[in-house]
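Next comes model.txt, with compact mmCIF, C-alpha atoms.
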# COMPACT_ATOMS: atom_id res chain seq x y z
CA PRO D 1 -44.27 -12.72 26.42
CA GLU D 2 -45.15 -15.90 24.57
CA GLY D 3 -48.31 -17.57 25.82
CA GLN D 4 -49.57 -14.51 27.68
CA ARG D 5 -53.03 -13.39 26.67
CA ARG D 6 -53.81 -9.77 26.00
CA PRO D 7 -55.86 -7.90 28.60
CA PRO D 8 -59.53 -7.17 27.88
CA ARG D 9 -60.53 -4.14 25.87
CA GLY D 10 -61.62 -1.12 27.77
CA ALA D 11 -64.57 1.12 27.10
CA ASP D 12 -62.48 3.46 24.93
CA THR D 13 -61.25 0.90 22.42
CA GLU D 14 -62.98 -0.19 19.25
CA PRO D 15 -64.26 -3.71 18.55
CA VAL D 16 -62.66 -5.82 15.87
CA VAL D 17 -64.82 -5.83 12.73
CA THR D 18 -64.99 -9.32 11.29
CA SER D 19 -67.32 -11.34 9.09
CA GLY D 20 -66.82 -14.76 10.68
CA ALA D 21 -68.38 -16.54 13.61
CA SER D 22 -67.46 -16.13 17.26
CA GLU D 23 -64.45 -18.12 18.50
CA ALA D 24 -63.67 -19.59 21.90
CA VAL D 25 -63.29 -17.11 24.75
CA PRO D 26 -60.46 -17.17 27.32
CA ARG D 27 -60.56 -19.58 30.19
CA VAL D 28 -62.08 -18.56 33.54
CA LEU D 29 -59.27 -19.12 36.04
CA PRO D 30 -59.30 -18.55 39.78
CA GLY D 31 -57.04 -15.74 40.91
CA ASP D 32 -56.05 -13.88 44.03
CA PRO D 33 -58.07 -10.63 44.02
CA GLN D 34 -55.16 -8.87 45.77
CA ASN D 35 -52.57 -9.81 43.14
CA LEU D 36 -54.15 -10.40 39.72
CA SER D 37 -52.14 -10.74 36.54
CA ASP D 38 -53.47 -9.40 33.26
CA VAL D 39 -54.59 -12.89 32.29
CA ASP D 40 -56.42 -13.44 35.59
CA ALA D 41 -58.09 -10.04 35.29
CA PHE D 42 -59.17 -10.97 31.79
CA ASN D 43 -60.76 -14.19 33.01
CA LEU D 44 -62.35 -12.51 36.01
CA LEU D 45 -64.07 -9.98 33.75
CA LEU D 46 -65.39 -12.80 31.61
CA GLU D 47 -66.74 -14.60 34.66
CA MET D 48 -68.43 -11.41 35.86
CA LYS D 49 -69.94 -10.89 32.40
CA LEU D 50 -71.44 -14.38 32.35
CA LYS D 51 -72.82 -14.01 35.86
CA ARG D 52 -74.46 -10.66 35.10
CA ARG D 53 -76.17 -11.96 31.98
CA ARG D 54 -79.91 -12.36 32.43
CA GLU D 55 -81.80 -15.19 30.81
CA ARG D 56 -84.96 -13.06 30.47
CA PRO D 57 -83.78 -9.48 29.85
CA ASN D 58 -86.18 -6.55 29.66
CA LEU D 59 -86.03 -5.78 25.93
CA PRO D 60 -87.63 -3.09 23.73
CA ARG D 61 -90.74 -4.15 21.83
CA THR D 62 -88.84 -4.03 18.52
CA VAL D 63 -86.57 -6.92 19.61
CA THR D 64 -87.29 -10.50 18.52
CA GLU D 65 -85.67 -13.35 20.46
CA LEU D 66 -84.46 -16.46 18.60
CA VAL D 67 -82.94 -19.58 20.17
CA ALA D 68 -80.45 -21.83 18.39
CA GLU D 69 -80.39 -25.62 18.74
CA ASP D 70 -77.40 -25.46 21.11
CA GLY D 71 -79.14 -22.95 23.40
CA SER D 72 -77.42 -19.82 22.08
CA ARG D 73 -79.70 -16.77 21.94
CA VAL D 74 -80.04 -14.11 19.26
CA TYR D 75 -81.81 -10.81 19.93
CA VAL D 76 -82.77 -9.22 16.60
CA VAL D 77 -83.42 -5.48 16.85
CA GLY D 78 -85.77 -4.41 14.05
CA THR D 79 -85.03 -0.83 13.05
CA ALA D 80 -86.10 1.97 10.71
CA HIS D 81 -82.91 3.31 9.17
CA PHE D 82 -83.68 7.01 9.75
CA SER D 83 -85.23 6.62 13.21
CA ASP D 84 -83.94 8.14 16.44
CA ASP D 85 -86.08 5.66 18.40
CA SER D 86 -84.29 2.79 16.65
CA LYS D 87 -80.94 4.15 17.82
CA ARG D 88 -82.24 4.21 21.38
CA ASP D 89 -83.51 0.63 21.04
CA VAL D 90 -80.05 -0.52 19.94
CA VAL D 91 -78.35 1.28 22.81
CA LYS D 92 -80.80 -0.14 25.35
CA THR D 93 -80.32 -3.69 24.05
CA CYS D 94 -76.51 -3.61 23.93
CA ARG D 95 -75.73 -1.70 27.12
CA PRO D 96 -75.22 -3.70 30.33
CA PHE D 97 -77.98 -1.82 32.14
CA PRO D 98 -80.99 -2.15 32.17
CA CYS D 99 -81.23 -5.18 29.84
CA TRP D 100 -78.14 -7.13 30.97
CA VAL D 101 -77.90 -8.88 27.61
CA GLN D 102 -74.05 -8.78 27.64
CA PRO D 103 -73.65 -9.88 23.98
CA ASP D 104 -70.69 -11.88 22.76
CA VAL D 105 -71.24 -10.75 19.16
CA VAL D 106 -73.05 -7.81 17.56
CA VAL D 107 -74.08 -8.35 13.92
CA VAL D 108 -75.27 -5.45 11.74
CA GLU D 109 -76.91 -5.22 8.32
CA LEU D 110 -73.81 -3.84 6.61
CA CYS D 111 -71.21 -5.23 4.22
CA GLN D 112 -67.56 -4.32 3.67
CA TYR D 113 -68.55 -1.81 0.97
CA ARG D 114 -70.56 0.29 3.46
CA VAL D 115 -68.41 -0.07 6.58
CA SER D 116 -67.03 3.47 6.23
CA MET D 117 -70.26 4.92 7.64
CA LEU D 118 -69.41 3.46 11.05
CA LYS D 119 -66.55 5.89 11.67
CA MET D 120 -67.90 9.01 9.94
CA ASP D 121 -69.45 11.70 12.09
CA GLU D 122 -73.11 12.68 11.67
CA ARG D 123 -72.33 16.05 10.04
CA THR D 124 -70.10 14.50 7.37
CA LEU D 125 -72.60 11.73 6.69
CA LEU D 126 -75.42 14.24 6.42
CA ARG D 127 -73.47 16.23 3.84
CA GLU D 128 -72.39 13.13 1.91
CA ALA D 129 -75.93 11.72 1.85
CA LYS D 130 -77.33 14.93 0.36
CA GLU D 131 -74.71 15.25 -2.37
CA ILE D 132 -74.84 13.07 -5.50
CA SER D 133 -71.81 13.96 -7.61
CA LEU D 134 -70.35 12.76 -10.90
CA GLU D 135 -67.52 11.16 -8.91
CA LYS D 136 -70.02 9.01 -6.99
CA LEU D 137 -71.67 8.00 -10.26
CA GLN D 138 -68.32 6.98 -11.78
CA GLN D 139 -67.42 4.99 -8.67
CA ALA D 140 -70.79 3.19 -8.70
CA VAL D 141 -70.43 2.33 -12.39
CA ARG D 142 -66.86 1.05 -11.92
CA GLN D 143 -67.93 -1.07 -8.95
CA ASN D 144 -71.23 -2.47 -10.25
CA GLY D 145 -71.35 -1.91 -14.01
CA VAL D 146 -73.42 0.64 -15.93
CA ALA D 147 -76.94 -0.62 -15.24
CA SER D 148 -76.35 -1.58 -11.59
CA GLY D 149 -74.34 1.60 -10.97
CA LEU D 150 -77.10 3.83 -12.33
CA MET D 151 -79.66 1.94 -10.24
CA GLN D 152 -77.50 2.43 -7.16
CA MET D 153 -77.35 6.17 -7.85
CA LEU D 154 -81.13 6.31 -8.15
CA LEU D 155 -81.45 4.61 -4.75
CA LEU D 156 -78.90 7.07 -3.34
CA LYS D 157 -81.12 9.83 -4.73
CA VAL D 158 -84.03 8.40 -2.73
CA SER D 159 -81.83 8.26 0.38
CA ALA D 160 -80.75 11.87 -0.23
CA HIS D 161 -84.41 12.90 -0.54
CA ILE D 162 -85.25 11.29 2.81
CA THR D 163 -82.14 12.80 4.41
CA GLU D 164 -83.08 16.27 3.19
CA GLN D 165 -86.65 15.87 4.42
CA LEU D 166 -85.74 14.60 7.88
CA GLY D 167 -82.33 16.14 8.49
CA VAL D 168 -81.11 12.75 9.77
CA ALA D 169 -78.16 10.80 8.33
CA PRO D 170 -78.87 7.13 7.49
CA GLY D 171 -77.36 4.23 9.46
CA GLY D 172 -77.40 5.83 12.91
CA GLU D 173 -78.43 2.56 14.55
CA PHE D 174 -75.37 0.78 13.10
CA ARG D 175 -73.02 3.45 14.45
CA GLU D 176 -74.63 3.13 17.88
CA ALA D 177 -74.22 -0.66 17.74
CA PHE D 178 -70.54 -0.21 16.86
CA LYS D 179 -70.00 2.13 19.81
CA GLU D 180 -71.87 -0.08 22.28
CA ALA D 181 -70.03 -3.24 21.20
CA SER D 182 -66.76 -1.59 22.22
CA ARG D 183 -68.10 -1.11 25.76
CA VAL D 184 -68.92 -4.80 26.32
CA PRO D 185 -65.95 -7.00 27.34
CA PHE D 186 -64.91 -9.58 24.72
CA CYS D 187 -67.67 -8.51 22.31
CA LYS D 188 -67.00 -8.97 18.60
CA PHE D 189 -68.53 -6.92 15.80
CA HIS D 190 -69.60 -8.70 12.59
CA LEU D 191 -70.74 -7.42 9.20
CA GLY D 192 -73.74 -9.56 8.35
CA ASP D 193 -75.07 -8.33 4.99
CA ARG D 194 -74.42 -9.66 1.50
CA PRO D 195 -71.94 -7.53 -0.51
CA ILE D 196 -73.88 -4.76 -2.20
CA PRO D 197 -72.40 -5.32 -5.71
CA VAL D 198 -73.78 -8.87 -5.67
CA THR D 199 -77.21 -7.62 -4.60
CA PHE D 200 -77.40 -4.93 -7.30
CA LYS D 201 -76.16 -7.20 -10.09
CA ARG D 202 -78.63 -9.94 -9.17
CA ALA D 203 -81.44 -7.39 -8.89
CA ILE D 204 -80.74 -5.89 -12.32
CA ALA D 205 -80.43 -9.33 -13.91
CA ALA D 206 -83.81 -10.35 -12.47
CA LEU D 207 -85.74 -7.42 -13.98
CA SER D 208 -87.05 -7.15 -17.51
CA LEU D 209 -86.29 -4.07 -19.62
CA TRP D 210 -89.77 -2.66 -18.99
CA GLN D 211 -89.46 -3.24 -15.23
CA LYS D 212 -86.10 -1.47 -15.19
CA VAL D 213 -87.55 1.54 -17.00
CA LYS D 214 -90.59 1.60 -14.73
CA LEU D 215 -88.50 1.35 -11.56
CA ALA D 216 -86.02 4.00 -12.72
CA TRP D 217 -88.87 6.35 -13.65
CA GLY D 218 -90.47 5.93 -10.23
CA LEU D 219 -87.19 6.55 -8.40
CA CYS D 220 -86.28 9.57 -10.55
CA PHE D 221 -89.52 11.40 -9.77
CA LEU D 222 -89.89 10.43 -6.12
CA SER D 223 -90.68 13.67 -4.31
CA ASP D 224 -93.35 12.81 -1.75
CA PRO D 225 -92.85 14.57 1.60
CA ILE D 226 -91.69 12.30 4.45
CA SER D 227 -91.96 13.06 8.16
CA LYS D 228 -90.37 11.42 11.19
CA ASP D 229 -93.80 10.03 12.08
CA ASP D 230 -93.84 8.24 8.71
CA VAL D 231 -90.45 6.69 9.52
CA GLU D 232 -91.62 5.49 12.94
CA ARG D 233 -94.75 3.98 11.40
CA CYS D 234 -92.47 1.84 9.22
CA LYS D 235 -91.55 -0.05 12.42
CA GLN D 236 -95.14 -1.28 12.73
CA LYS D 237 -95.35 -4.78 11.34
CA ASP D 238 -98.86 -4.41 9.89
CA LEU D 239 -97.86 -1.34 7.85
CA LEU D 240 -94.63 -3.03 6.85
CA GLU D 241 -96.41 -6.14 5.63
CA GLN D 242 -98.70 -3.97 3.53
CA MET D 243 -95.74 -2.17 1.95
CA MET D 244 -93.99 -5.48 1.26
CA ALA D 245 -97.15 -6.90 -0.34
CA GLU D 246 -97.31 -3.89 -2.69
CA MET D 247 -93.67 -4.34 -3.62
CA VAL D 248 -94.14 -8.06 -4.27
CA GLY D 249 -97.14 -7.36 -6.51
CA GLU D 250 -95.34 -4.76 -8.63
CA PHE D 251 -91.74 -6.07 -8.63
CA PRO D 252 -91.71 -9.69 -7.39
CA ASP D 253 -88.20 -10.41 -8.71
CA LEU D 254 -86.84 -7.25 -7.13
CA HIS D 255 -88.33 -8.21 -3.77
CA ARG D 256 -86.76 -11.66 -4.06
CA THR D 257 -83.23 -10.36 -4.73
CA ILE D 258 -83.20 -7.31 -2.45
CA VAL D 259 -85.26 -8.62 0.48
CA SER D 260 -85.81 -12.39 0.48
CA GLU D 261 -82.29 -13.43 -0.52
CA ARG D 262 -80.76 -11.05 1.99
CA ASP D 263 -83.08 -12.48 4.64
CA VAL D 264 -81.42 -15.84 3.99
CA TYR D 265 -77.92 -14.33 4.09
CA LEU D 266 -78.58 -12.39 7.31
CA THR D 267 -80.05 -15.51 8.94
CA TYR D 268 -76.99 -17.51 7.95
CA MET D 269 -74.61 -14.91 9.40
CA LEU D 270 -76.59 -14.68 12.65
CA ARG D 271 -76.52 -18.46 13.02
CA GLN D 272 -72.77 -18.50 12.34
CA ALA D 273 -72.27 -15.94 15.08
CA ALA D 274 -74.51 -17.81 17.53
CA ARG D 275 -72.15 -20.71 18.22
CA ARG D 276 -71.45 -22.06 21.70
CA LEU D 277 -68.36 -20.61 23.36
CA GLU D 278 -65.74 -23.12 24.44
CA LEU D 279 -64.05 -22.18 27.69
CA PRO D 280 -60.28 -22.81 27.72
CA ARG D 281 -59.13 -25.60 30.03
CA ALA D 282 -56.61 -25.47 32.86
CA SER D 283 -54.99 -28.58 31.37
CA ASP D 284 -55.45 -30.96 28.45
CA ALA D 285 -56.81 -33.58 30.86
CA GLU D 286 -59.70 -31.31 31.89
CA PRO D 287 -62.95 -31.97 29.95
CA ARG D 288 -64.12 -29.36 27.48
CA LYS D 289 -66.77 -26.93 28.71
CA CYS D 290 -68.99 -24.78 26.51
CA VAL D 291 -71.51 -22.06 27.27
CA PRO D 292 -74.27 -20.74 24.97
CA SER D 293 -73.40 -17.48 23.26
CA VAL D 294 -75.55 -14.36 23.07
CA VAL D 295 -75.81 -12.35 19.86
CA VAL D 296 -77.45 -9.00 19.11
CA GLY D 297 -78.47 -8.47 15.48
CA VAL D 298 -79.31 -4.99 14.16
CA VAL D 299 -81.31 -5.17 10.92
CA GLY D 300 -84.07 -3.30 9.14
CA MET D 301 -87.55 -4.18 10.34
CA GLY D 302 -88.41 -5.51 6.87
CA HIS D 303 -85.92 -8.38 7.31
CA VAL D 304 -87.19 -9.59 10.70
CA PRO D 305 -90.10 -11.75 9.39
CA GLY D 306 -87.79 -13.43 6.86
CA ILE D 307 -85.14 -14.13 9.50
CA GLU D 308 -87.77 -15.69 11.77
CA LYS D 309 -89.05 -17.80 8.86
CA ASN D 310 -85.58 -19.06 7.87
CA TRP D 311 -84.21 -19.55 11.38
CA THR D 312 -84.91 -23.29 11.63
CA THR D 313 -84.45 -24.19 7.96
CA ASP D 314 -81.40 -25.56 6.15
CA LEU D 315 -79.66 -22.68 4.39
CA ASN D 316 -77.41 -22.68 1.34
CA ILE D 317 -76.01 -19.25 0.49
CA GLN D 318 -73.91 -20.34 -2.49
CA GLU D 319 -76.77 -19.88 -4.92
CA ILE D 320 -77.59 -16.35 -3.77
CA MET D 321 -73.92 -15.32 -3.96
CA THR D 322 -73.50 -16.01 -7.67
CA VAL D 323 -74.07 -13.36 -10.32
CA PRO D 324 -75.97 -14.80 -13.32
CA PRO D 325 -74.28 -14.42 -16.73
CA PRO D 326 -75.68 -11.65 -18.92
CA SER D 327 -78.52 -12.81 -21.17
CA ALA D 328 -79.45 -11.43 -24.59
CA SER D 329 -82.13 -9.26 -23.02
CA GLY D 330 -79.62 -8.13 -20.41
CA ARG D 331 -77.19 -7.02 -23.13
CA VAL D 332 -79.99 -5.18 -24.90
CA SER D 333 -80.92 -3.51 -21.60
CA ARG D 334 -77.36 -2.38 -20.99
CA LEU D 335 -77.10 -1.02 -24.53
CA ALA D 336 -80.40 0.79 -24.05
CA VAL D 337 -79.20 2.27 -20.76
CA LYS D 338 -75.92 3.37 -22.34
CA ALA D 339 -77.72 4.85 -25.35
CA ALA D 340 -80.14 6.71 -23.09
CA PHE D 341 -77.29 8.02 -20.94
CA LEU D 342 -75.25 9.18 -23.95
CA GLY D 343 -78.37 10.68 -25.51
CA LEU D 344 -79.14 12.66 -22.37
CA LEU D 345 -75.51 13.76 -22.15
CA GLY D 346 -75.50 14.86 -25.81
CA TYR D 347 -78.78 16.72 -25.43
CA GLY D 348 -77.44 18.42 -22.31
CA LEU D 349 -74.31 19.57 -24.15
CA TYR D 350 -76.41 20.74 -27.12
CA TRP D 351 -78.81 22.67 -24.87
CA THR D 352 -75.95 24.19 -22.88
CA GLY D 353 -74.06 25.22 -26.03
CA ARG D 354 -77.15 26.69 -27.65
CA ARG D 355 -77.99 28.64 -24.51
CA ALA D 356 -74.43 29.93 -24.19
CA ALA D 357 -74.38 30.99 -27.86
CA SER D 358 -77.68 32.86 -27.44
CA LEU D 359 -76.37 34.71 -24.39
CA LEU D 360 -73.12 35.53 -26.19
CA LEU D 361 -74.86 36.91 -29.28
CA ALA D 362 -77.10 39.04 -27.10
CA LEU D 363 -74.09 41.04 -25.82
CA PRO D 364 -73.71 44.53 -27.40
CA ALA D 365 -70.01 43.94 -28.20
CA ALA D 366 -70.81 40.70 -30.04
CA ARG D 367 -73.62 42.36 -31.99
CA HIS D 368 -71.30 45.25 -32.93
CA CYS D 369 -68.66 42.82 -34.23
CA LEU D 370 -71.22 40.94 -36.29
CA GLN D 371 -72.48 44.19 -37.75
CA ARG D 372 -68.97 45.23 -38.78
CA LEU D 373 -68.36 41.81 -40.35
CA SER D 374 -71.61 42.13 -42.26
CA ASP D 375 -70.70 45.60 -43.53
CA ALA D 376 -67.21 44.44 -44.55
CA TRP D 377 -68.51 41.36 -46.37
CA PRO D 378 -68.73 42.00 -50.12
CA HIS D 379 -72.31 42.13 -51.38
CA LYS D 380 -73.29 40.99 -54.88
Show me, as structure tokens, the structure contained in the file I just sent.
Amino acid sequence: PEGQRRPPRGADTEPVVTSGASEAVPRVLPGDPQNLSDVDAFNLLLEMKLKRRRERPNLPRTVTELVAEDGSRVYVVGTAHFSDDSKRDVVKTCRPFPCWVQPDVVVVELCQYRVSMLKMDERTLLREAKEISLEKLQQAVRQNGVASGLMQMLLLKVSAHITEQLGVAPGGEFREAFKEASRVPFCKFHLGDRPIPVTFKRAIAALSLWQKVKLAWGLCFLSDPISKDDVERCKQKDLLEQMMAEMVGEFPDLHRTIVSERDVYLTYMLRQAARRLELPRASDAEPRKCVPSVVVGVVGMGHVPGIEKNWTTDLNIQEIMTVPPPSASGRVSRLAVKAAFLGLLGYGLYWTGRRAASLLLALPAARHCLQRLSDAWPHK
């Protein structure tokens, strides 16, 4: 009926995936426990959720607490993307017991172009992560352009190498966050990362031709063995800072576009989600009442220092959302990439054809035919 609010989601339903900030929650109304309507049950669950929420929850050591100006709290879970421990940290933070965080919003480091991994099972993701096909290359080129698409495929190659080494599909912590958000009453699920085409295009535009060649060469021949202990060590801030320092020294512009700019974007999205919740009023004459919201953010550990740094600063994301126009050097780079790609393709066809011809001529039947042709050919 008109005006009736929908009942709260149960544990078996999925959260709504949005990219905006949290809106006002339903009003807490008194009701007769013996005869509750759906609306009263909805409000009673909200009241119970707010009462159970602890101001000082017992959080994993990978969680950083941030407080907004209006008193809203954000718990940022720093993760390693191939880590089983990170998945457990996310579950522990989001579940009602033992932390009692009771989040209103869960924000993850994903964009709309990567949201499909949330609903895929581990076996399918494991197979997809290991396979790099021509279809994936064509899709990446159509989505991001030639240079950015090829760079994306090189990064997928790195991800496939790690997946093959560890036997773990990437993004497990995001899937756990998606599942846990559905178990918390009135919890929304937000995608907090900048769209990946924008990131790749800005990254390619920021690199010189030599830097692009150097980066592509390094990614093509990455074959170092990786263990689960190596992944867990990436959650240590001292090791992470050392790795970031090396990246800044070798590719400062790449670090700016892939890490620093996304730090700003993630911070902005977390702050948008961490708005005070306005409780609905029994009547228009009743004064407005607001409560601080609680947000759980799930991001890679490498973004946590940048989010902390940007938390209290004025942010403008318009600049980092624009793709710079192609420069003369950028056009030369794209032509060089296309020429190299076509050259490799031509060489591959030449080598394949030559090899096939050699195998064909080595067959006894083919040699017999050639001999007969030679004997039948008139000699001078």
Counting only C-alpha atoms, the residue among D:Ser227, D:Asn316, D:Thr62, D:Thr257 that lies closest to D:Val299 is D:Thr62
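The list of residues with at least one atom within 12 Å of D:Arg114, based on only C-alpha atoms and without residues fewer than 5 positions apart in the same chain, reads Val108, Glu109, Lys119, Met120, Pro170, Gly171, Phe174, Arg175, Leu191, Gly192, Asp193, Arg194, Pro195, Ile196 and Pro197 of chain D.
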Please list as a PyMOL selection string every residue within 10 Å of D:Thr312, counting all atoms listed in the file and excluding residues in the same chain fewer than 3 positions away. chain D and resi 66-69+267+271+307-309+315
With distances taken over only C-alpha atoms, the candidate from D:Asp40, D:Glu173, D:Glu55, D:Glu65 nearest D:Val90 is D:Glu173
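Distance-wise, atom CA of D:Tyr268 and atom CA of D:Ile317 end up 7.7 Å apart.
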Between D:His81, D:Lys188, D:Arg73, D:Arg56, which has the minimum distance to D:Cys99 (counting only C-alpha atoms)? D:Arg56
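Using only C-alpha atoms, the shortest contact distance between D:Gly167 and any of D:Arg123, D:Pro324, D:Ala285, D:Lys87 is found at D:Arg123.
Pairwise distance (atom CA of D:Ile204, atom CA of D:Trp217) equals 14.8 Å.
A straight line drawn from atom CA of D:Thr124 to atom CA of D:Asp89 is 23.6 Å long.
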Could you tell me which of D:Gly297, D:Asp85, D:Ala216, D:His255 comes closest to D:Ala181 if we count only C-alpha atoms? D:Gly297
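Using all atoms listed in the file for every distance, the candidate list D:Ala80, D:Val107, D:Leu209, D:Leu215 yields D:Ala80 as the residue closest to D:Val168.
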Got a minute to add all heavy atoms to stretch 198-206 of chain D and dump it as a PDB file, in the frame of the given file?
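Below is the file selection15.pdb, written as the result:
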ATOM      1  N   VAL D 198     -73.057  -7.633  -5.336  1.00  0.00           N
ATOM      2  CA  VAL D 198     -73.780  -8.870  -5.670  1.00  0.00           C
ATOM      3  C   VAL D 198     -75.282  -8.621  -5.676  1.00  0.00           C
ATOM      4  O   VAL D 198     -76.004  -9.061  -6.587  1.00  0.00           O
ATOM      5  CB  VAL D 198     -73.417  -9.988  -4.674  1.00  0.00           C
ATOM      6  CG1 VAL D 198     -74.236 -11.255  -4.959  1.00  0.00           C
ATOM      7  CG2 VAL D 198     -71.935 -10.299  -4.723  1.00  0.00           C
ATOM      8  N   THR D 199     -75.767  -7.897  -4.681  1.00  0.00           N
ATOM      9  CA  THR D 199     -77.210  -7.620  -4.600  1.00  0.00           C
ATOM     10  C   THR D 199     -77.680  -6.820  -5.800  1.00  0.00           C
ATOM     11  O   THR D 199     -78.702  -7.155  -6.421  1.00  0.00           O
ATOM     12  CB  THR D 199     -77.514  -6.851  -3.295  1.00  0.00           C
ATOM     13  OG1 THR D 199     -77.174  -7.670  -2.174  1.00  0.00           O
ATOM     14  CG2 THR D 199     -78.992  -6.491  -3.220  1.00  0.00           C
ATOM     15  N   PHE D 200     -76.967  -5.771  -6.177  1.00  0.00           N
ATOM     16  CA  PHE D 200     -77.400  -4.930  -7.300  1.00  0.00           C
ATOM     17  C   PHE D 200     -77.338  -5.695  -8.624  1.00  0.00           C
ATOM     18  O   PHE D 200     -78.249  -5.573  -9.458  1.00  0.00           O
ATOM     19  CB  PHE D 200     -76.536  -3.673  -7.383  1.00  0.00           C
ATOM     20  CG  PHE D 200     -77.023  -2.562  -6.494  1.00  0.00           C
ATOM     21  CD1 PHE D 200     -76.239  -2.078  -5.477  1.00  0.00           C
ATOM     22  CD2 PHE D 200     -78.283  -2.009  -6.667  1.00  0.00           C
ATOM     23  CE1 PHE D 200     -76.681  -1.060  -4.647  1.00  0.00           C
ATOM     24  CE2 PHE D 200     -78.740  -1.001  -5.844  1.00  0.00           C
ATOM     25  CZ  PHE D 200     -77.941  -0.523  -4.836  1.00  0.00           C
ATOM     26  N   LYS D 201     -76.279  -6.465  -8.826  1.00  0.00           N
ATOM     27  CA  LYS D 201     -76.160  -7.200 -10.090  1.00  0.00           C
ATOM     28  C   LYS D 201     -77.244  -8.260 -10.218  1.00  0.00           C
ATOM     29  O   LYS D 201     -77.810  -8.464 -11.300  1.00  0.00           O
ATOM     30  CB  LYS D 201     -74.766  -7.829 -10.186  1.00  0.00           C
ATOM     31  CG  LYS D 201     -73.662  -6.803 -10.431  1.00  0.00           C
ATOM     32  CD  LYS D 201     -72.287  -7.428 -10.430  1.00  0.00           C
ATOM     33  CE  LYS D 201     -71.203  -6.362 -10.627  1.00  0.00           C
ATOM     34  NZ  LYS D 201     -69.841  -6.932 -10.572  1.00  0.00           N
ATOM     35  N   ARG D 202     -77.558  -8.945  -9.118  1.00  0.00           N
ATOM     36  CA  ARG D 202     -78.630  -9.940  -9.170  1.00  0.00           C
ATOM     37  C   ARG D 202     -79.992  -9.273  -9.356  1.00  0.00           C
ATOM     38  O   ARG D 202     -80.868  -9.811 -10.032  1.00  0.00           O
ATOM     39  CB  ARG D 202     -78.616 -10.788  -7.889  1.00  0.00           C
ATOM     40  CG  ARG D 202     -77.464 -11.772  -7.822  1.00  0.00           C
ATOM     41  CD  ARG D 202     -77.549 -12.653  -6.584  1.00  0.00           C
ATOM     42  NE  ARG D 202     -78.727 -13.482  -6.577  1.00  0.00           N
ATOM     43  CZ  ARG D 202     -78.846 -14.659  -7.182  1.00  0.00           C
ATOM     44  NH1 ARG D 202     -77.825 -15.154  -7.856  1.00  0.00           N
ATOM     45  NH2 ARG D 202     -79.961 -15.358  -7.109  1.00  0.00           N
ATOM     46  N   ALA D 203     -80.164  -8.101  -8.747  1.00  0.00           N
ATOM     47  CA  ALA D 203     -81.440  -7.390  -8.890  1.00  0.00           C
ATOM     48  C   ALA D 203     -81.651  -6.929 -10.322  1.00  0.00           C
ATOM     49  O   ALA D 203     -82.752  -7.091 -10.892  1.00  0.00           O
ATOM     50  CB  ALA D 203     -81.493  -6.210  -7.929  1.00  0.00           C
ATOM     51  N   ILE D 204     -80.624  -6.355 -10.932  1.00  0.00           N
ATOM     52  CA  ILE D 204     -80.740  -5.890 -12.320  1.00  0.00           C
ATOM     53  C   ILE D 204     -80.980  -7.050 -13.268  1.00  0.00           C
ATOM     54  O   ILE D 204     -81.787  -6.973 -14.195  1.00  0.00           O
ATOM     55  CB  ILE D 204     -79.475  -5.100 -12.712  1.00  0.00           C
ATOM     56  CG1 ILE D 204     -79.420  -3.776 -11.956  1.00  0.00           C
ATOM     57  CG2 ILE D 204     -79.443  -4.835 -14.208  1.00  0.00           C
ATOM     58  CD1 ILE D 204     -80.564  -2.830 -12.256  1.00  0.00           C
ATOM     59  N   ALA D 205     -80.268  -8.165 -13.031  1.00  0.00           N
ATOM     60  CA  ALA D 205     -80.430  -9.330 -13.910  1.00  0.00           C
ATOM     61  C   ALA D 205     -81.819  -9.935 -13.808  1.00  0.00           C
ATOM     62  O   ALA D 205     -82.301 -10.556 -14.759  1.00  0.00           O
ATOM     63  CB  ALA D 205     -79.373 -10.388 -13.560  1.00  0.00           C
ATOM     64  N   ALA D 206     -82.490  -9.750 -12.671  1.00  0.00           N
ATOM     65  CA  ALA D 206     -83.810 -10.350 -12.470  1.00  0.00           C
ATOM     66  C   ALA D 206     -84.932  -9.538 -13.101  1.00  0.00           C
ATOM     67  O   ALA D 206     -86.049 -10.052 -13.273  1.00  0.00           O
ATOM     68  CB  ALA D 206     -84.089 -10.517 -10.972  1.00  0.00           C
TER      69      ALA D 206
END
